[in-house]
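One structure below.
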Amino acid sequence: MHFHGYLWVGDKAVFDKESARRPPSRVEPAATSPPDVVDRYREAVAEWWVTAVPPLETKYWLVKPGKLIRGTWADPGEATHWLGERLAEYAPRFASRADRDSARLAGTVAYAAETLGWGGDVSLGYYLGRPSFLSLSVVTCSPNRAGPDLDCPVT
(Lines give C-alpha, C1' and ligand atoms only; values in the text may rest on other atoms or scores of the structure.)
Protein backbone atom coordinates (compact mmCIF):
# COMPACT_ATOMS: atom_id res chain seq x y z
CA MET A 1 0.00 0.00 0.00
CA HIS A 2 1.15 3.53 -0.77
CA PHE A 3 -0.36 7.02 -1.04
CA HIS A 4 -0.70 9.68 -3.75
CA GLY A 5 -1.25 13.37 -3.05
CA TYR A 6 -3.29 15.70 -5.25
CA LEU A 7 -3.76 19.45 -5.13
CA TRP A 8 -6.05 21.65 -7.22
CA VAL A 9 -6.66 25.38 -6.96
CA GLY A 10 -9.17 26.91 -9.30
CA ASP A 11 -12.38 28.77 -9.82
CA LYS A 12 -15.10 27.53 -7.45
CA ALA A 13 -17.62 27.67 -10.33
CA VAL A 14 -15.51 25.08 -12.21
CA PHE A 15 -15.32 22.92 -9.08
CA ASP A 16 -19.10 23.14 -8.72
CA LYS A 17 -19.70 21.95 -12.28
CA GLU A 18 -20.64 18.38 -11.49
CA SER A 19 -20.38 17.19 -15.08
CA ALA A 20 -16.64 17.98 -15.11
CA ARG A 21 -16.17 15.90 -11.96
CA ARG A 22 -18.19 12.81 -12.84
CA PRO A 23 -16.68 10.01 -14.96
CA PRO A 24 -18.42 9.25 -18.23
CA SER A 25 -21.10 6.60 -18.23
CA ARG A 26 -19.99 3.14 -19.26
CA VAL A 27 -23.03 3.04 -21.54
CA GLU A 28 -23.07 5.22 -24.65
CA PRO A 29 -26.21 7.27 -25.23
CA ALA A 30 -28.77 5.77 -27.59
CA ALA A 31 -29.41 7.26 -31.02
CA THR A 32 -32.70 8.56 -29.61
CA SER A 33 -31.08 10.26 -26.59
CA PRO A 34 -31.60 14.01 -26.22
CA PRO A 35 -28.81 16.13 -27.74
CA ASP A 36 -27.69 17.44 -24.32
CA VAL A 37 -27.15 13.85 -23.10
CA VAL A 38 -25.09 13.03 -26.18
CA ASP A 39 -23.08 16.26 -25.78
CA ARG A 40 -22.41 15.54 -22.10
CA TYR A 41 -21.23 12.05 -22.93
CA ARG A 42 -18.87 13.28 -25.66
CA GLU A 43 -17.50 16.00 -23.38
CA ALA A 44 -16.94 13.51 -20.56
CA VAL A 45 -15.18 11.01 -22.79
CA ALA A 46 -12.90 13.70 -24.24
CA GLU A 47 -12.13 15.70 -21.10
CA TRP A 48 -12.86 13.89 -17.86
CA TRP A 49 -9.84 11.60 -18.01
CA VAL A 50 -7.37 14.46 -18.45
CA THR A 51 -8.83 17.38 -16.51
CA ALA A 52 -7.21 18.30 -13.21
CA VAL A 53 -10.55 19.21 -11.62
CA PRO A 54 -11.06 16.89 -8.62
CA PRO A 55 -13.42 13.98 -9.22
CA LEU A 56 -16.63 13.71 -7.17
CA GLU A 57 -15.39 10.46 -5.67
CA THR A 58 -11.86 10.65 -4.29
CA LYS A 59 -10.97 7.14 -5.50
CA TYR A 60 -11.29 8.32 -9.11
CA TRP A 61 -8.06 10.31 -8.81
CA LEU A 62 -6.47 6.91 -9.48
CA VAL A 63 -7.81 6.80 -13.05
CA LYS A 64 -6.54 10.28 -13.86
CA PRO A 65 -3.11 10.78 -15.48
CA GLY A 66 -0.13 10.17 -13.20
CA LYS A 67 1.20 13.66 -14.03
CA LEU A 68 -1.46 15.09 -11.69
CA ILE A 69 0.13 13.39 -8.67
CA ARG A 70 1.94 15.88 -6.41
CA GLY A 71 3.66 13.27 -4.29
CA THR A 72 3.83 9.56 -3.54
CA TRP A 73 4.66 8.02 -0.17
CA ALA A 74 4.97 4.52 1.25
CA ASP A 75 4.27 5.72 4.79
CA PRO A 76 1.00 7.38 5.89
CA GLY A 77 3.01 9.68 8.15
CA GLU A 78 4.91 11.09 5.18
CA ALA A 79 1.65 11.65 3.30
CA THR A 80 0.16 13.35 6.35
CA HIS A 81 3.25 15.56 6.62
CA TRP A 82 2.77 16.70 3.00
CA LEU A 83 -0.88 17.43 3.69
CA GLY A 84 0.01 19.44 6.80
CA GLU A 85 2.60 21.44 4.85
CA ARG A 86 0.03 22.27 2.15
CA LEU A 87 -2.50 23.35 4.77
CA ALA A 88 0.08 25.62 6.40
CA GLU A 89 1.04 27.03 3.00
CA TYR A 90 -2.53 27.92 2.01
CA ALA A 91 -4.02 28.72 5.44
CA PRO A 92 -3.28 32.47 5.20
CA ARG A 93 -5.52 32.54 2.10
CA PHE A 94 -8.45 30.62 3.65
CA ALA A 95 -11.63 32.69 3.44
CA SER A 96 -12.82 31.50 6.86
CA ARG A 97 -10.94 32.63 9.94
CA ALA A 98 -12.08 29.47 11.71
CA ASP A 99 -10.32 27.35 9.07
CA ARG A 100 -7.09 29.29 9.72
CA ASP A 101 -7.11 28.39 13.41
CA SER A 102 -3.96 26.39 14.19
CA ALA A 103 -5.75 24.03 16.60
CA ARG A 104 -8.37 23.27 13.96
CA LEU A 105 -5.68 22.65 11.34
CA ALA A 106 -3.85 20.34 13.75
CA GLY A 107 -7.08 18.43 14.29
CA THR A 108 -7.53 18.07 10.54
CA VAL A 109 -4.01 16.70 10.18
CA ALA A 110 -4.56 14.28 13.09
CA TYR A 111 -7.79 13.06 11.48
CA ALA A 112 -5.96 12.61 8.17
CA ALA A 113 -3.19 10.60 9.87
CA GLU A 114 -5.74 8.29 11.48
CA THR A 115 -7.70 7.83 8.24
CA LEU A 116 -4.62 7.12 6.13
CA GLY A 117 -3.35 4.76 8.83
CA TRP A 118 -6.22 2.37 8.23
CA GLY A 119 -6.09 2.78 4.44
CA GLY A 120 -8.79 5.38 3.92
CA ASP A 121 -8.69 8.39 1.60
CA VAL A 122 -8.62 12.03 2.68
CA SER A 123 -10.22 14.82 0.71
CA LEU A 124 -10.30 18.41 1.94
CA GLY A 125 -11.67 21.61 0.44
CA TYR A 126 -11.27 25.26 1.40
CA TYR A 127 -12.56 28.51 0.02
CA LEU A 128 -9.73 30.91 -0.74
CA GLY A 129 -10.15 34.53 -1.83
CA ARG A 130 -12.98 34.82 -4.35
CA PRO A 131 -13.45 32.98 -6.64
CA SER A 132 -10.73 30.45 -5.77
CA PHE A 133 -11.12 27.08 -4.12
CA LEU A 134 -8.46 24.66 -2.84
CA SER A 135 -8.89 20.90 -3.03
CA LEU A 136 -6.36 18.60 -1.32
CA SER A 137 -6.55 14.83 -1.47
CA VAL A 138 -4.42 11.92 -0.37
CA VAL A 139 -5.54 8.66 -1.94
CA THR A 140 -4.57 5.20 -0.79
CA CYS A 141 -3.33 3.05 -3.64
CA SER A 142 -2.74 -0.66 -4.21
CA PRO A 143 -5.40 -1.34 -3.10
CA ASN A 144 -7.87 1.47 -2.57
CA ARG A 145 -10.65 0.44 -0.17
CA ALA A 146 -13.36 2.31 -2.10
CA GLY A 147 -12.11 1.07 -5.49
CA PRO A 148 -10.09 -2.13 -5.05
CA ASP A 149 -10.30 -2.78 -8.80
CA LEU A 150 -8.61 0.54 -9.67
CA ASP A 151 -5.01 0.28 -10.83
CA CYS A 152 -2.21 2.53 -9.66
CA PRO A 153 -1.72 5.49 -12.05
CA VAL A 154 2.06 5.16 -11.73
CA THR A 155 3.70 2.04 -13.08
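Chain labels A, B, ... are given in the sequence in which chains occur in the C-alpha coordinates; within each chain residues are numbered consecutively from 1, and ligands are likewise numbered from 1 in the order shown.
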**Prompt:** So which residues touch Tyr41 in chain A within 10 Å, counting only C-alpha atoms, skipping near sequence neighbours fewer than 5 positions away, as number ranges by chain?
**Reply:** A: 19, 23-29, 35-36, 46-48
Residues from last step as file, N, CA, C and O atoms, as an mmCIF file, in the first residue's frame:
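Wrote it out as part.cif, contents follow:
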data_model
loop_
_atom_site.group_PDB
_atom_site.id
_atom_site.type_symbol
_atom_site.label_atom_id
_atom_site.label_comp_id
_atom_site.auth_asym_id
_atom_site.auth_seq_id
_atom_site.Cartn_x
_atom_site.Cartn_y
_atom_site.Cartn_z
ATOM 1 N N SER A 19 -20.667 17.985 -13.885
ATOM 2 C CA SER A 19 -20.379 17.191 -15.078
ATOM 3 C C SER A 19 -18.880 17.056 -15.338
ATOM 4 O O SER A 19 -18.429 16.052 -15.882
ATOM 5 N N PRO A 23 -17.202 10.790 -13.826
ATOM 6 C CA PRO A 23 -16.680 10.014 -14.962
ATOM 7 C C PRO A 23 -17.788 9.730 -15.974
ATOM 8 O O PRO A 23 -18.965 9.696 -15.619
ATOM 9 N N PRO A 24 -17.403 9.531 -17.218
ATOM 10 C CA PRO A 24 -18.422 9.247 -18.226
ATOM 11 C C PRO A 24 -19.107 7.911 -17.947
ATOM 12 O O PRO A 24 -18.514 6.998 -17.377
ATOM 13 N N SER A 25 -20.336 7.834 -18.372
ATOM 14 C CA SER A 25 -21.098 6.604 -18.228
ATOM 15 C C SER A 25 -20.416 5.496 -19.018
ATOM 16 O O SER A 25 -19.799 5.730 -20.053
ATOM 17 N N ARG A 26 -20.546 4.292 -18.541
ATOM 18 C CA ARG A 26 -19.993 3.143 -19.259
ATOM 19 C C ARG A 26 -20.875 2.761 -20.453
ATOM 20 O O ARG A 26 -20.473 1.979 -21.291
ATOM 21 N N VAL A 27 -22.076 3.329 -20.473
ATOM 22 C CA VAL A 27 -23.026 3.038 -21.543
ATOM 23 C C VAL A 27 -23.163 4.277 -22.428
ATOM 24 O O VAL A 27 -23.468 5.365 -21.938
ATOM 25 N N GLU A 28 -22.922 4.107 -23.711
ATOM 26 C CA GLU A 28 -23.070 5.223 -24.645
ATOM 27 C C GLU A 28 -24.540 5.585 -24.788
ATOM 28 O O GLU A 28 -25.407 4.714 -24.691
ATOM 29 N N PRO A 29 -24.816 6.869 -25.027
ATOM 30 C CA PRO A 29 -26.210 7.267 -25.232
ATOM 31 C C PRO A 29 -26.784 6.589 -26.479
ATOM 32 O O PRO A 29 -26.062 6.304 -27.438
ATOM 33 N N PRO A 35 -30.117 15.585 -27.349
ATOM 34 C CA PRO A 35 -28.808 16.132 -27.737
ATOM 35 C C PRO A 35 -27.924 16.516 -26.556
ATOM 36 O O PRO A 35 -26.716 16.327 -26.602
ATOM 37 N N ASP A 36 -28.511 17.042 -25.464
ATOM 38 C CA ASP A 36 -27.689 17.436 -24.322
ATOM 39 C C ASP A 36 -27.051 16.224 -23.645
ATOM 40 O O ASP A 36 -25.937 16.301 -23.135
ATOM 41 N N ALA A 46 -14.061 12.941 -23.753
ATOM 42 C CA ALA A 46 -12.905 13.702 -24.238
ATOM 43 C C ALA A 46 -12.113 14.370 -23.115
ATOM 44 O O ALA A 46 -10.893 14.465 -23.186
ATOM 45 N N GLU A 47 -12.787 14.838 -22.081
ATOM 46 C CA GLU A 47 -12.126 15.698 -21.104
ATOM 47 C C GLU A 47 -11.956 15.110 -19.713
ATOM 48 O O GLU A 47 -10.995 15.434 -19.029
ATOM 49 N N TRP A 48 -12.885 14.289 -19.261
ATOM 50 C CA TRP A 48 -12.858 13.887 -17.860
ATOM 51 C C TRP A 48 -11.554 13.209 -17.475
ATOM 52 O O TRP A 48 -11.007 13.449 -16.411
#
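When DSSP is run on the backbone, the residues of range 5-89 of chain A that fall into strand (DSSP E or B) are A:Gly5, A:Tyr6, A:Leu7, A:Trp8, A:Val9, A:Gly10, A:Asp11, A:Gly71, A:Thr72, A:Trp73.
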**Request:** Return as a PyMOL selection string the full set of residues in chain A whose backbone-based DSSP assignment is helix (DSSP H, G or I).
**Result:** chain A and resi 12-15+18-21+35-48+58-63+66-68+76-93+97-100+102-117
**Prompt:** Which residue out of A:Trp49, A:Trp8, A:Tyr126, A:Tyr111 has the minimum interatomic distance to Arg93 in chain A when only C-alpha atoms are used?
**Reply:**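 Closest to Arg93 in chain A of all the choices is A:Tyr126.
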**Message:** Which residue is closest to Cys152 in chain A? Choose from A:Val50, A:Ala103, A:Arg42, A:Ile69 and count only C-alpha atoms.
**Reply:**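 Using only C-alpha atoms, the shortest distance to Cys152 in chain A belongs to A:Ile69.
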**Message:** Just want the 12 Å neighbourhood of Phe15 in chain A, counted on only C-alpha atoms, with same-chain residues fewer than 4 positions away dropped. Output as a list in words.
**Reply:**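 Contacts, in chain order: Trp8, Val9, Gly10, Asp11, Ser19, Ala20, Arg21, Arg22, Thr51, Ala52, Val53, Pro54, Pro55, Leu56, Gly125, Tyr126, Tyr127, Pro131, Ser132, Phe133, Leu134 and Ser135 of chain A.
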**Spatial neighbours of Arg100 in chain A, 10 Å, only C-alpha atoms, chain gap at least 6 places, as a PyMOL selection string** = chain A and resi 87-88+90-94
**Distance of CA of Ala113 in chain A from CA of Asp101 in chain A, expressed in Å to one decimal place** =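 These atoms are spaced 18.6 Å apart.
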**Item:** Coordinates-based distance that separates CA of Gly117 in chain A from CA of Gly77 in chain A (Å, one decimal)
**Value:**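 Separation of CA of Gly77 in chain A and CA of Gly117 in chain A: 8.1 Å.
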**Prompt:** Closest to Val138 in chain A among A:Val38, A:Val154, A:Met1, A:Leu116, using only C-alpha atoms?
**Reply:**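 Distance minimum relative to Val138 in chain A lands on A:Leu116.
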**Request:** Measure the distance from CA of Thr72 in chain A to CA of Gly5 in chain A in Å and round it to one decimal.
**Result:**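 Answer for the CA of Thr72 in chain A to CA of Gly5 in chain A separation: 6.4 Å.
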**Message:** Report as a PyMOL selection string all protein, DNA and RNA residues lying within 10 Å of range 104-110 of chain A, evaluated on only C-alpha atoms, omitting residues in the same chain fewer than 5 positions from it.
**Reply:** chain A and resi 80-85+87-88+91+98-99+115-116+122+124
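You can rank A:Val37, A:Leu128, A:Ala112, A:Val45 by their closest distance to Glu78 in chain A using only C-alpha atoms, and at the top of that list sits A:Ala112.
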